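> Please see the structure below; I have some questions.
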Amino acid sequence: MAGGGFVESGVGRAHLYEYTITRYFILSCIVAAMGGSLFGYDLGVSGGVTSMDDFLIEFFPSVYRRKQAHRDTTDYCKYDNQILTLFTSSLYLSALVFTFGASYITRSYGRRASILCGSVSFFIGAVLNASAQNIAMLIIGRVLLGIGIGFGNQAVPLYLSEMAPAKIRGAVNQLFQFTTCVGILIANLLNYGVEKIHPWGWRLSLGLATVPAAIMFVGGLFLPETPNSLVEQGRLDEARTILEKVRGTRKIDAEFADLIEASDAAKAIKHPFRNLLQRKNRPQLVIGALGIPAFQQLTGMNSILFYSPVIFQSLGFGSTASLYSSVFTGGALVVATLISMALVDKFGRRAFFIDASIEMICCSIVIAITLALKFGEGKELPKGIGVFLIVAICIFVLAYGRSWGPLGWLVPSEIFPLETRSAGQSMVVCVNMIFTFLVAQFFLAALCHLEYGIFLLFAALICIMGSFIYFLLPETKQVPIEEIHFLWQKHWFWKRYCGPEENARELKVKPEQ
């Protein structure tokens with residue numbers, strides 16, 4: 001088969017692993033997954049706030065006047081303002097910078113420490129945004145929010161993947177995406193409600209971001225560290241105790257032995273970021289650290305999440321109607337994530353990626369054609385066309401929400417070996433945030449200049465990324481994290497980098513790591 005296909009993992013001890021689902025395990029994962037709600041709430045709230053008249057009057061009066069006048073611009077260009085988009089995108093710029101600091105804390109002090117640091121920074125940023133008196137306060141608040149997201153997005157997917165048994169790792173890891181989607185939906189609902197509170201409703205939307213941050217911090221104080229991290233820190237007795245608690249059995253010798261072996265290999269790596277560049281780690285670098293996190297943003301989905309109220313207003317919906325319409329997209333995202341959680345460990349990652357990519361390409365083309373035929377300068381869309389566009393966008397969201405959304409975090413978090421896992425996750429977050437920043441900063445300008453063509457561009461990009469998955473990603477469902485490396489050794493393409501003969505060659509001439 002030309003594609004990645006499913007490859008049985010090599011010889012290991014995975015068949016000896018035992019577990020039961022315990023209350024301790026469930027509570028730990030739910031608390032840690034709250035980190036996704038920070039990311040989700042911000043994704044949902046920022047676009048809604050930037051479409052509120054009271055916010056625009058106070059900080060961006062020129063955008064407000066353009067929005068009201070509809071003169072000297074096409075409808076696609078009503079919100080094209082680089083300072084306005086900087087309000088959204090500055091968060092992601094700070095997140096990509098501080099994720100490298102998060103990597104050091106995550107590896108040296110544990111996943112829990114990064115989760116706590118992220119919640120504190122996010123809380124302070126939310127307070128600053130809610131009380132902002134000028135654009136500088138807004139941007140500084142956004143930077144602090146970005147630091148919180150950099151720490152949270154670095155640690156939470158790792159935490160969930162390491163705590164989960166291999167057979168349900170997909171569903172457990174997607175708790176991060178689920179709480180992200182719930183955060184988006186709650187933010188959309190709040191935006192819809194506070195939009196009627198004049199003139200300070202927008203402050204309430206931004207200030208309520210303190211709630212998930214506070215919950216995450218308090219819960220994090222009682223959160224256990226992952227067995228993998230404890231072994232990495234040399235706290236073996238504590239690691240064994242935690243592993244017994246989360247697995248619900250004392251028969252954990254095989255899994256514990258694998259953790260110790262992985263940790264011993266990790267301790268030999270002095271420079272994990274440099275180690276990522278080694279030939280044997282080429283699959284993880286190309287797929288996990290670069291390809292998937294970049295492609296996740298280039299689907300165009302985050303453009304819809306950032307600016308769905310703005311997009312709907314640009315398409316002729318009123319202010320309230322646009323916020324209401326964005327609630328539909330948020331709800332569709334939650335439903336899609338639940339579908340993915342229920343079925344991804346049954347049908348696999350590849351099937352969800354490829355099937356959803358086809359659906360997203362079709363929806364993008366349909367949206368582009370509809371806008372090209374029915375949407376012009378100063379003309380409001382007929383109600384039927386508006387409803388059709390909402391349905392098309394919701395189908396797009398359903399496809400993304402069960403594939404590139406959750407799997408964009410799941411797959412990278414499960415393919416890195418322990419010695420490069422923290423560094424690899426930092427690269428994932430960094431690349432993700434670079435492209436998130438670029439999309440957030442330039443989407444409205446691209447919408448203004450490319451008009452409906454922006455959706456054709458996204459369709460072409462999705463075609464490329466679907467092919468990338470088909471040819472290069474092997475199936476990882478139900479394969480223990482510490483045995484993922486066997487998949488690369490048997491893959492039609494990656495075996496030339498990770499085969500036994502390649503490993504033997506590296507051992508003969510072993511560079512400083």
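Naming scheme: A, B, ... for chains in displayed order of the structure tokens; residues 1 onward per chain; ligands 1 onward as shown.
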Looking only at alpha helix (DSSP H) from DSSP on the backbone, list the matching residues of range 60-146 of chain A as a PDB file with N, CA, C and O atoms, in the first residue's frame.

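Printed below is part_0.pdb as written:
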```
ATOM      1  N   PRO A  61     -12.123  53.344  16.590  1.00  0.00           N
ATOM      2  CA  PRO A  61     -13.228  54.141  16.028  1.00  0.00           C
ATOM      3  C   PRO A  61     -13.238  54.171  14.499  1.00  0.00           C
ATOM      4  O   PRO A  61     -14.314  54.253  13.890  1.00  0.00           O
ATOM      5  N   SER A  62     -12.066  54.107  13.867  1.00  0.00           N
ATOM      6  CA  SER A  62     -12.043  54.138  12.401  1.00  0.00           C
ATOM      7  C   SER A  62     -12.703  52.895  11.808  1.00  0.00           C
ATOM      8  O   SER A  62     -13.390  52.971  10.788  1.00  0.00           O
ATOM      9  N   VAL A  63     -12.475  51.739  12.453  1.00  0.00           N
ATOM     10  CA  VAL A  63     -13.120  50.503  12.000  1.00  0.00           C
ATOM     11  C   VAL A  63     -14.630  50.606  12.198  1.00  0.00           C
ATOM     12  O   VAL A  63     -15.419  50.183  11.351  1.00  0.00           O
ATOM     13  N   TYR A  64     -15.023  51.198  13.324  1.00  0.00           N
ATOM     14  CA  TYR A  64     -16.462  51.367  13.594  1.00  0.00           C
ATOM     15  C   TYR A  64     -17.115  52.244  12.537  1.00  0.00           C
ATOM     16  O   TYR A  64     -18.198  51.932  12.021  1.00  0.00           O
ATOM     17  N   ARG A  65     -16.450  53.352  12.174  1.00  0.00           N
ATOM     18  CA  ARG A  65     -17.021  54.247  11.171  1.00  0.00           C
ATOM     19  C   ARG A  65     -17.112  53.560   9.815  1.00  0.00           C
ATOM     20  O   ARG A  65     -18.108  53.720   9.086  1.00  0.00           O
ATOM     21  N   ARG A  66     -16.096  52.785   9.469  1.00  0.00           N
ATOM     22  CA  ARG A  66     -16.119  52.051   8.191  1.00  0.00           C
ATOM     23  C   ARG A  66     -17.256  51.027   8.189  1.00  0.00           C
ATOM     24  O   ARG A  66     -17.962  50.859   7.196  1.00  0.00           O
ATOM     25  N   LYS A  67     -17.404  50.357   9.323  1.00  0.00           N
ATOM     26  CA  LYS A  67     -18.457  49.352   9.452  1.00  0.00           C
ATOM     27  C   LYS A  67     -19.843  49.983   9.252  1.00  0.00           C
ATOM     28  O   LYS A  67     -20.721  49.397   8.610  1.00  0.00           O
ATOM     29  N   GLN A  68     -20.042  51.183   9.790  1.00  0.00           N
ATOM     30  CA  GLN A  68     -21.331  51.844   9.697  1.00  0.00           C
ATOM     31  C   GLN A  68     -21.575  52.454   8.328  1.00  0.00           C
ATOM     32  O   GLN A  68     -22.701  52.461   7.825  1.00  0.00           O
ATOM     33  N   ALA A  69     -20.519  52.965   7.732  1.00  0.00           N
ATOM     34  CA  ALA A  69     -20.696  53.728   6.495  1.00  0.00           C
ATOM     35  C   ALA A  69     -20.853  52.850   5.249  1.00  0.00           C
ATOM     36  O   ALA A  69     -21.589  53.197   4.338  1.00  0.00           O
ATOM     37  N   GLN A  82      -4.898  46.270  10.662  1.00  0.00           N
ATOM     38  CA  GLN A  82      -3.816  45.459  11.215  1.00  0.00           C
ATOM     39  C   GLN A  82      -3.688  45.588  12.731  1.00  0.00           C
ATOM     40  O   GLN A  82      -3.292  44.635  13.406  1.00  0.00           O
ATOM     41  N   ILE A  83      -4.031  46.763  13.295  1.00  0.00           N
ATOM     42  CA  ILE A  83      -3.978  46.901  14.756  1.00  0.00           C
ATOM     43  C   ILE A  83      -5.097  46.093  15.402  1.00  0.00           C
ATOM     44  O   ILE A  83      -4.906  45.451  16.444  1.00  0.00           O
ATOM     45  N   LEU A  84      -6.267  46.075  14.767  1.00  0.00           N
ATOM     46  CA  LEU A  84      -7.375  45.268  15.280  1.00  0.00           C
ATOM     47  C   LEU A  84      -7.016  43.785  15.272  1.00  0.00           C
ATOM     48  O   LEU A  84      -7.264  43.066  16.247  1.00  0.00           O
ATOM     49  N   THR A  85      -6.413  43.315  14.181  1.00  0.00           N
ATOM     50  CA  THR A  85      -6.039  41.898  14.128  1.00  0.00           C
ATOM     51  C   THR A  85      -4.870  41.600  15.067  1.00  0.00           C
ATOM     52  O   THR A  85      -4.734  40.474  15.553  1.00  0.00           O
ATOM     53  N   LEU A  86      -4.041  42.610  15.352  1.00  0.00           N
ATOM     54  CA  LEU A  86      -2.958  42.415  16.315  1.00  0.00           C
ATOM     55  C   LEU A  86      -3.508  42.116  17.711  1.00  0.00           C
ATOM     56  O   LEU A  86      -2.891  41.384  18.479  1.00  0.00           O
ATOM     57  N   PHE A  87      -4.675  42.673  18.018  1.00  0.00           N
ATOM     58  CA  PHE A  87      -5.333  42.361  19.286  1.00  0.00           C
ATOM     59  C   PHE A  87      -5.534  40.851  19.421  1.00  0.00           C
ATOM     60  O   PHE A  87      -5.320  40.267  20.485  1.00  0.00           O
ATOM     61  N   THR A  88      -5.935  40.202  18.342  1.00  0.00           N
ATOM     62  CA  THR A  88      -6.126  38.751  18.357  1.00  0.00           C
ATOM     63  C   THR A  88      -4.802  38.007  18.263  1.00  0.00           C
ATOM     64  O   THR A  88      -4.514  37.095  19.036  1.00  0.00           O
ATOM     65  N   SER A  89      -3.949  38.416  17.333  1.00  0.00           N
ATOM     66  CA  SER A  89      -2.781  37.601  16.986  1.00  0.00           C
ATOM     67  C   SER A  89      -1.622  37.736  17.964  1.00  0.00           C
ATOM     68  O   SER A  89      -0.769  36.849  18.024  1.00  0.00           O
ATOM     69  N   SER A  90      -1.557  38.832  18.746  1.00  0.00           N
ATOM     70  CA  SER A  90      -0.434  39.021  19.672  1.00  0.00           C
ATOM     71  C   SER A  90      -0.349  37.895  20.690  1.00  0.00           C
ATOM     72  O   SER A  90       0.742  37.521  21.135  1.00  0.00           O
ATOM     73  N   LEU A  91      -1.490  37.333  21.047  1.00  0.00           N
ATOM     74  CA  LEU A  91      -1.509  36.206  21.986  1.00  0.00           C
ATOM     75  C   LEU A  91      -0.693  35.042  21.446  1.00  0.00           C
ATOM     76  O   LEU A  91       0.097  34.424  22.174  1.00  0.00           O
ATOM     77  N   TYR A  92      -0.863  34.732  20.187  1.00  0.00           N
ATOM     78  CA  TYR A  92      -0.220  33.550  19.616  1.00  0.00           C
ATOM     79  C   TYR A  92       1.274  33.772  19.387  1.00  0.00           C
ATOM     80  O   TYR A  92       2.060  32.823  19.429  1.00  0.00           O
ATOM     81  N   LEU A  93       1.652  35.033  19.173  1.00  0.00           N
ATOM     82  CA  LEU A  93       3.067  35.348  19.048  1.00  0.00           C
ATOM     83  C   LEU A  93       3.788  35.112  20.372  1.00  0.00           C
ATOM     84  O   LEU A  93       4.872  34.521  20.414  1.00  0.00           O
ATOM     85  N   SER A  94       3.182  35.538  21.478  1.00  0.00           N
ATOM     86  CA  SER A  94       3.811  35.315  22.784  1.00  0.00           C
ATOM     87  C   SER A  94       3.785  33.839  23.157  1.00  0.00           C
ATOM     88  O   SER A  94       4.721  33.326  23.778  1.00  0.00           O
ATOM     89  N   ALA A  95       2.736  33.121  22.758  1.00  0.00           N
ATOM     90  CA  ALA A  95       2.645  31.691  23.062  1.00  0.00           C
ATOM     91  C   ALA A  95       3.786  30.919  22.405  1.00  0.00           C
ATOM     92  O   ALA A  95       4.383  30.024  23.016  1.00  0.00           O
ATOM     93  N   LEU A  96       4.109  31.266  21.155  1.00  0.00           N
ATOM     94  CA  LEU A  96       5.161  30.515  20.469  1.00  0.00           C
ATOM     95  C   LEU A  96       6.539  30.811  21.066  1.00  0.00           C
ATOM     96  O   LEU A  96       7.419  29.949  21.061  1.00  0.00           O
ATOM     97  N   VAL A  97       6.745  32.015  21.614  1.00  0.00           N
ATOM     98  CA  VAL A  97       8.027  32.347  22.233  1.00  0.00           C
ATOM     99  C   VAL A  97       8.187  31.619  23.560  1.00  0.00           C
ATOM    100  O   VAL A  97       9.224  31.005  23.841  1.00  0.00           O
ATOM    101  N   PHE A  98       7.147  31.650  24.383  1.00  0.00           N
ATOM    102  CA  PHE A  98       7.267  31.127  25.744  1.00  0.00           C
ATOM    103  C   PHE A  98       7.077  29.612  25.841  1.00  0.00           C
ATOM    104  O   PHE A  98       7.298  29.034  26.895  1.00  0.00           O
ATOM    105  N   THR A  99       6.694  28.981  24.738  1.00  0.00           N
ATOM    106  CA  THR A  99       6.563  27.525  24.800  1.00  0.00           C
ATOM    107  C   THR A  99       7.915  26.849  25.020  1.00  0.00           C
ATOM    108  O   THR A  99       7.994  25.747  25.565  1.00  0.00           O
ATOM    109  N   PHE A 100       9.021  27.534  24.634  1.00  0.00           N
ATOM    110  CA  PHE A 100      10.340  26.941  24.850  1.00  0.00           C
ATOM    111  C   PHE A 100      10.721  26.989  26.328  1.00  0.00           C
ATOM    112  O   PHE A 100      11.365  26.082  26.850  1.00  0.00           O
ATOM    113  N   GLY A 101      10.314  28.055  27.025  1.00  0.00           N
ATOM    114  CA  GLY A 101      10.491  28.079  28.473  1.00  0.00           C
ATOM    115  C   GLY A 101       9.631  27.022  29.124  1.00  0.00           C
ATOM    116  O   GLY A 101      10.044  26.378  30.100  1.00  0.00           O
ATOM    117  N   ALA A 102       8.447  26.816  28.573  1.00  0.00           N
ATOM    118  CA  ALA A 102       7.556  25.780  29.099  1.00  0.00           C
ATOM    119  C   ALA A 102       8.177  24.397  28.941  1.00  0.00           C
ATOM    120  O   ALA A 102       7.996  23.520  29.785  1.00  0.00           O
ATOM    121  N   SER A 103       8.931  24.190  27.862  1.00  0.00           N
ATOM    122  CA  SER A 103       9.574  22.896  27.642  1.00  0.00           C
ATOM    123  C   SER A 103      10.548  22.575  28.769  1.00  0.00           C
ATOM    124  O   SER A 103      10.583  21.441  29.274  1.00  0.00           O
ATOM    125  N   TYR A 104      11.339  23.568  29.167  1.00  0.00           N
ATOM    126  CA  TYR A 104      12.307  23.342  30.246  1.00  0.00           C
ATOM    127  C   TYR A 104      11.593  23.013  31.555  1.00  0.00           C
ATOM    128  O   TYR A 104      11.978  22.065  32.262  1.00  0.00           O
ATOM    129  N   ILE A 105      10.552  23.757  31.877  1.00  0.00           N
ATOM    130  CA  ILE A 105       9.813  23.506  33.124  1.00  0.00           C
ATOM    131  C   ILE A 105       9.113  22.153  33.072  1.00  0.00           C
ATOM    132  O   ILE A 105       9.117  21.394  34.043  1.00  0.00           O
ATOM    133  N   THR A 106       8.522  21.836  31.915  1.00  0.00           N
ATOM    134  CA  THR A 106       7.815  20.560  31.779  1.00  0.00           C
ATOM    135  C   THR A 106       8.749  19.378  31.965  1.00  0.00           C
ATOM    136  O   THR A 106       8.404  18.389  32.619  1.00  0.00           O
ATOM    137  N   ARG A 107       9.948  19.476  31.411  1.00  0.00           N
ATOM    138  CA  ARG A 107      10.890  18.365  31.509  1.00  0.00           C
ATOM    139  C   ARG A 107      11.560  18.309  32.881  1.00  0.00           C
ATOM    140  O   ARG A 107      11.733  17.227  33.455  1.00  0.00           O
ATOM    141  N   SER A 108      11.910  19.465  33.453  1.00  0.00           N
ATOM    142  CA  SER A 108      12.665  19.496  34.711  1.00  0.00           C
ATOM    143  C   SER A 108      11.783  19.370  35.944  1.00  0.00           C
ATOM    144  O   SER A 108      12.168  18.735  36.932  1.00  0.00           O
ATOM    145  N   TYR A 109      10.598  19.989  35.888  1.00  0.00           N
ATOM    146  CA  TYR A 109       9.751  20.042  37.083  1.00  0.00           C
ATOM    147  C   TYR A 109       8.415  19.329  36.914  1.00  0.00           C
ATOM    148  O   TYR A 109       7.644  19.226  37.870  1.00  0.00           O
ATOM    149  N   ARG A 111       4.891  17.996  34.235  1.00  0.00           N
ATOM    150  CA  ARG A 111       3.780  18.535  33.452  1.00  0.00           C
ATOM    151  C   ARG A 111       2.882  19.415  34.325  1.00  0.00           C
ATOM    152  O   ARG A 111       2.365  20.439  33.892  1.00  0.00           O
ATOM    153  N   ARG A 112       2.693  19.015  35.574  1.00  0.00           N
ATOM    154  CA  ARG A 112       1.828  19.749  36.503  1.00  0.00           C
ATOM    155  C   ARG A 112       2.332  21.175  36.737  1.00  0.00           C
ATOM    156  O   ARG A 112       1.540  22.119  36.809  1.00  0.00           O
ATOM    157  N   ALA A 113       3.644  21.349  36.837  1.00  0.00           N
ATOM    158  CA  ALA A 113       4.209  22.678  37.070  1.00  0.00           C
ATOM    159  C   ALA A 113       3.884  23.623  35.926  1.00  0.00           C
ATOM    160  O   ALA A 113       3.538  24.796  36.145  1.00  0.00           O
ATOM    161  N   SER A 114       3.976  23.142  34.692  1.00  0.00           N
ATOM    162  CA  SER A 114       3.647  23.987  33.540  1.00  0.00           C
ATOM    163  C   SER A 114       2.170  24.348  33.513  1.00  0.00           C
ATOM    164  O   SER A 114       1.789  25.463  33.147  1.00  0.00           O
ATOM    165  N   ILE A 115       1.325  23.391  33.893  1.00  0.00           N
ATOM    166  CA  ILE A 115      -0.118  23.655  33.935  1.00  0.00           C
ATOM    167  C   ILE A 115      -0.428  24.764  34.936  1.00  0.00           C
ATOM    168  O   ILE A 115      -1.218  25.682  34.670  1.00  0.00           O
ATOM    169  N   LEU A 116       0.208  24.742  36.112  1.00  0.00           N
ATOM    170  CA  LEU A 116      -0.009  25.773  37.126  1.00  0.00           C
ATOM    171  C   LEU A 116       0.503  27.132  36.654  1.00  0.00           C
ATOM    172  O   LEU A 116      -0.167  28.160  36.827  1.00  0.00           O
ATOM    173  N   CYS A 117       1.694  27.156  36.063  1.00  0.00           N
ATOM    174  CA  CYS A 117       2.253  28.418  35.550  1.00  0.00           C
ATOM    175  C   CYS A 117       1.342  29.027  34.487  1.00  0.00           C
ATOM    176  O   CYS A 117       1.099  30.245  34.472  1.00  0.00           O
ATOM    177  N   GLY A 118       0.841  28.187  33.610  1.00  0.00           N
ATOM    178  CA  GLY A 118      -0.032  28.673  32.549  1.00  0.00           C
ATOM    179  C   GLY A 118      -1.315  29.280  33.075  1.00  0.00           C
ATOM    180  O   GLY A 118      -1.774  30.319  32.587  1.00  0.00           O
ATOM    181  N   SER A 119      -1.911  28.663  34.085  1.00  0.00           N
ATOM    182  CA  SER A 119      -3.173  29.173  34.628  1.00  0.00           C
ATOM    183  C   SER A 119      -2.982  30.526  35.302  1.00  0.00           C
ATOM    184  O   SER A 119      -3.833  31.417  35.189  1.00  0.00           O
ATOM    185  N   VAL A 120      -1.866  30.714  36.006  1.00  0.00           N
ATOM    186  CA  VAL A 120      -1.589  31.997  36.671  1.00  0.00           C
ATOM    187  C   VAL A 120      -1.425  33.118  35.648  1.00  0.00           C
ATOM    188  O   VAL A 120      -2.008  34.201  35.779  1.00  0.00           O
ATOM    189  N   SER A 121      -0.624  32.875  34.614  1.00  0.00           N
ATOM    190  CA  SER A 121      -0.398  33.893  33.594  1.00  0.00           C
ATOM    191  C   SER A 121      -1.685  34.239  32.863  1.00  0.00           C
ATOM    192  O   SER A 121      -1.970  35.419  32.590  1.00  0.00           O
ATOM    193  N   PHE A 122      -2.490  33.246  32.554  1.00  0.00           N
ATOM    194  CA  PHE A 122      -3.746  33.471  31.847  1.00  0.00           C
ATOM    195  C   PHE A 122      -4.694  34.309  32.702  1.00  0.00           C
ATOM    196  O   PHE A 122      -5.378  35.210  32.197  1.00  0.00           O
ATOM    197  N   PHE A 123      -4.737  34.034  34.003  1.00  0.00           N
ATOM    198  CA  PHE A 123      -5.608  34.773  34.918  1.00  0.00           C
ATOM    199  C   PHE A 123      -5.230  36.258  34.926  1.00  0.00           C
ATOM    200  O   PHE A 123      -6.094  37.141  34.800  1.00  0.00           O
ATOM    201  N   ILE A 124      -3.945  36.554  35.055  1.00  0.00           N
ATOM    202  CA  ILE A 124      -3.484  37.945  35.099  1.00  0.00           C
ATOM    203  C   ILE A 124      -3.795  38.654  33.777  1.00  0.00           C
ATOM    204  O   ILE A 124      -4.238  39.810  33.748  1.00  0.00           O
ATOM    205  N   GLY A 125      -3.573  37.953  32.666  1.00  0.00           N
ATOM    206  CA  GLY A 125      -3.868  38.537  31.357  1.00  0.00           C
ATOM    207  C   GLY A 125      -5.341  38.865  31.186  1.00  0.00           C
ATOM    208  O   GLY A 125      -5.696  39.907  30.622  1.00  0.00           O
ATOM    209  N   ALA A 126      -6.217  37.992  31.686  1.00  0.00           N
ATOM    210  CA  ALA A 126      -7.665  38.233  31.586  1.00  0.00           C
ATOM    211  C   ALA A 126      -8.073  39.459  32.392  1.00  0.00           C
ATOM    212  O   ALA A 126      -8.913  40.265  31.953  1.00  0.00           O
ATOM    213  N   VAL A 127      -7.478  39.628  33.570  1.00  0.00           N
ATOM    214  CA  VAL A 127      -7.773  40.805  34.399  1.00  0.00           C
ATOM    215  C   VAL A 127      -7.347  42.084  33.676  1.00  0.00           C
ATOM    216  O   VAL A 127      -8.087  43.080  33.646  1.00  0.00           O
ATOM    217  N   LEU A 128      -6.157  42.072  33.088  1.00  0.00           N
ATOM    218  CA  LEU A 128      -5.669  43.240  32.358  1.00  0.00           C
ATOM    219  C   LEU A 128      -6.570  43.584  31.166  1.00  0.00           C
ATOM    220  O   LEU A 128      -6.891  44.749  30.928  1.00  0.00           O
ATOM    221  N   ASN A 129      -6.990  42.583  30.425  1.00  0.00           N
ATOM    222  CA  ASN A 129      -7.853  42.828  29.270  1.00  0.00           C
ATOM    223  C   ASN A 129      -9.198  43.415  29.683  1.00  0.00           C
ATOM    224  O   ASN A 129      -9.709  44.339  29.054  1.00  0.00           O
ATOM    225  N   ALA A 130      -9.764  42.860  30.742  1.00  0.00           N
ATOM    226  CA  ALA A 130     -11.081  43.332  31.182  1.00  0.00           C
ATOM    227  C   ALA A 130     -11.033  44.768  31.681  1.00  0.00           C
ATOM    228  O   ALA A 130     -12.026  45.505  31.571  1.00  0.00           O
ATOM    229  N   ILE A 135      -5.027  50.685  24.080  1.00  0.00           N
ATOM    230  CA  ILE A 135      -4.625  49.540  23.255  1.00  0.00           C
ATOM    231  C   ILE A 135      -3.401  48.843  23.849  1.00  0.00           C
ATOM    232  O   ILE A 135      -3.278  47.613  23.788  1.00  0.00           O
ATOM    233  N   ALA A 136      -2.491  49.618  24.459  1.00  0.00           N
ATOM    234  CA  ALA A 136      -1.296  49.009  25.058  1.00  0.00           C
ATOM    235  C   ALA A 136      -1.674  48.001  26.142  1.00  0.00           C
ATOM    236  O   ALA A 136      -1.094  46.913  26.213  1.00  0.00           O
ATOM    237  N   MET A 137      -2.640  48.354  26.996  1.00  0.00           N
ATOM    238  CA  MET A 137      -3.096  47.422  28.040  1.00  0.00           C
ATOM    239  C   MET A 137      -3.712  46.172  27.418  1.00  0.00           C
ATOM    240  O   MET A 137      -3.513  45.056  27.903  1.00  0.00           O
ATOM    241  N   LEU A 138      -4.462  46.377  26.329  1.00  0.00           N
ATOM    242  CA  LEU A 138      -5.053  45.221  25.640  1.00  0.00           C
ATOM    243  C   LEU A 138      -3.974  44.267  25.149  1.00  0.00           C
ATOM    244  O   LEU A 138      -4.058  43.047  25.346  1.00  0.00           O
ATOM    245  N   ILE A 139      -2.942  44.822  24.502  1.00  0.00           N
ATOM    246  CA  ILE A 139      -1.896  43.978  23.916  1.00  0.00           C
ATOM    247  C   ILE A 139      -1.086  43.285  25.008  1.00  0.00           C
ATOM    248  O   ILE A 139      -0.771  42.087  24.894  1.00  0.00           O
ATOM    249  N   ILE A 140      -0.751  44.003  26.098  1.00  0.00           N
ATOM    250  CA  ILE A 140       0.000  43.378  27.197  1.00  0.00           C
ATOM    251  C   ILE A 140      -0.819  42.245  27.814  1.00  0.00           C
ATOM    252  O   ILE A 140      -0.294  41.164  28.110  1.00  0.00           O
ATOM    253  N   GLY A 141      -2.107  42.484  27.994  1.00  0.00           N
ATOM    254  CA  GLY A 141      -2.975  41.421  28.507  1.00  0.00           C
ATOM    255  C   GLY A 141      -2.990  40.216  27.591  1.00  0.00           C
ATOM    256  O   GLY A 141      -2.946  39.065  28.049  1.00  0.00           O
ATOM    257  N   ARG A 142      -3.032  40.477  26.273  1.00  0.00           N
ATOM    258  CA  ARG A 142      -3.036  39.377  25.311  1.00  0.00           C
ATOM    259  C   ARG A 142      -1.720  38.599  25.355  1.00  0.00           C
ATOM    260  O   ARG A 142      -1.706  37.379  25.211  1.00  0.00           O
ATOM    261  N   VAL A 143      -0.618  39.307  25.573  1.00  0.00           N
ATOM    262  CA  VAL A 143       0.680  38.632  25.669  1.00  0.00           C
ATOM    263  C   VAL A 143       0.693  37.684  26.870  1.00  0.00           C
ATOM    264  O   VAL A 143       1.159  36.537  26.777  1.00  0.00           O
ATOM    265  N   LEU A 144       0.158  38.140  28.012  1.00  0.00           N
ATOM    266  CA  LEU A 144       0.103  37.279  29.200  1.00  0.00           C
ATOM    267  C   LEU A 144      -0.824  36.085  28.975  1.00  0.00           C
ATOM    268  O   LEU A 144      -0.536  34.968  29.419  1.00  0.00           O
ATOM    269  N   LEU A 145      -1.926  36.317  28.286  1.00  0.00           N
ATOM    270  CA  LEU A 145      -2.800  35.195  27.926  1.00  0.00           C
ATOM    271  C   LEU A 145      -2.040  34.198  27.057  1.00  0.00           C
ATOM    272  O   LEU A 145      -2.172  32.976  27.209  1.00  0.00           O
ATOM    273  N   GLY A 146      -1.219  34.724  26.144  1.00  0.00           N
ATOM    274  CA  GLY A 146      -0.440  33.857  25.262  1.00  0.00           C
ATOM    275  C   GLY A 146       0.579  33.024  26.015  1.00  0.00           C
ATOM    276  O   GLY A 146       0.803  31.851  25.684  1.00  0.00           O
TER     277      GLY A 146
END
```
> Hey, which bits of range 317-432 of chain A sit within 7 Å of range 176-179 of chain A, and for each residue what's the closest pair of atoms and how far apart in Å (one decimal), counting only C-alpha atoms, rows by chain and increasing number, as a Markdown table?

```
| residue | atom | partner | partner_atom | distance |
| --- | --- | --- | --- | --- |
| A:Val334 | CA | A:Phe178 | CA | 6.4 |
| A:Thr337 | CA | A:Phe178 | CA | 5.7 |
| A:Gly405 | CA | A:Gln177 | CA | 6.9 |
| A:Pro406 | CA | A:Gln177 | CA | 5.1 |
```
> Go ahead and save the picked residues with all heavy atoms, as a tab-separated table (two decimals), in the first residue's frame.

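Done, and the output landed in again_26.tsv:
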```
chain	number	residue	atom	x	y	z
A	334	VAL	N	-18.33	21.09	19.13
A	334	VAL	CA	-18.46	20.21	20.30
A	334	VAL	C	-18.98	18.84	19.89
A	334	VAL	O	-18.46	17.80	20.31
A	334	VAL	CB	-19.39	20.85	21.35
A	334	VAL	CG1	-19.69	19.85	22.48
A	334	VAL	CG2	-18.77	22.11	21.94
A	337	THR	N	-16.31	16.80	18.10
A	337	THR	CA	-15.28	16.28	19.01
A	337	THR	C	-15.78	15.06	19.76
A	337	THR	O	-15.03	14.09	19.97
A	337	THR	CB	-14.84	17.37	20.00
A	337	THR	OG1	-14.42	18.52	19.26
A	337	THR	CG2	-13.68	16.88	20.85
A	405	GLY	N	-8.75	19.10	14.07
A	405	GLY	CA	-8.81	19.76	15.37
A	405	GLY	C	-8.22	18.91	16.48
A	405	GLY	O	-7.14	19.22	17.01
A	406	PRO	N	-8.88	17.81	16.85
A	406	PRO	CA	-8.36	16.97	17.94
A	406	PRO	C	-7.11	16.18	17.56
A	406	PRO	O	-6.19	16.05	18.36
A	406	PRO	CB	-9.53	16.03	18.26
A	406	PRO	CG	-10.33	15.97	17.01
A	406	PRO	CD	-10.21	17.34	16.40
```
> Applying 7 Å and only C-alpha atoms, which residues near Ala171 in chain A remain after dropping the ones on its own chain fewer than 4 positions away? List them as number ranges by chain.
A: 175, 341-342, 344-345
> For Leu223 in chain A, please output as a CSV table (one decimal) with C-alpha atoms, in the first residue's frame all residues within 8 Å (counting only C-alpha atoms; exclusion window: fewer than 4 positions along the same chain).

```csv
chain,number,residue,atom,x,y,z
A,28,SER,CA,-7.0,13.5,36.9
A,31,VAL,CA,-8.8,18.5,35.7
A,32,ALA,CA,-5.8,18.5,33.3
A,112,ARG,CA,1.8,19.7,36.5
A,219,GLY,CA,-7.5,21.7,40.3
```
> Could you give me, as a PyMOL selection string, the residues within 12 Å of Gly348 in chain A, counting only C-alpha atoms and dropping anything in the same chain fewer than 6 positions from it?
chain A and resi 5-7+167-171+340-342+354-355+402-403+407+410-411+473-479
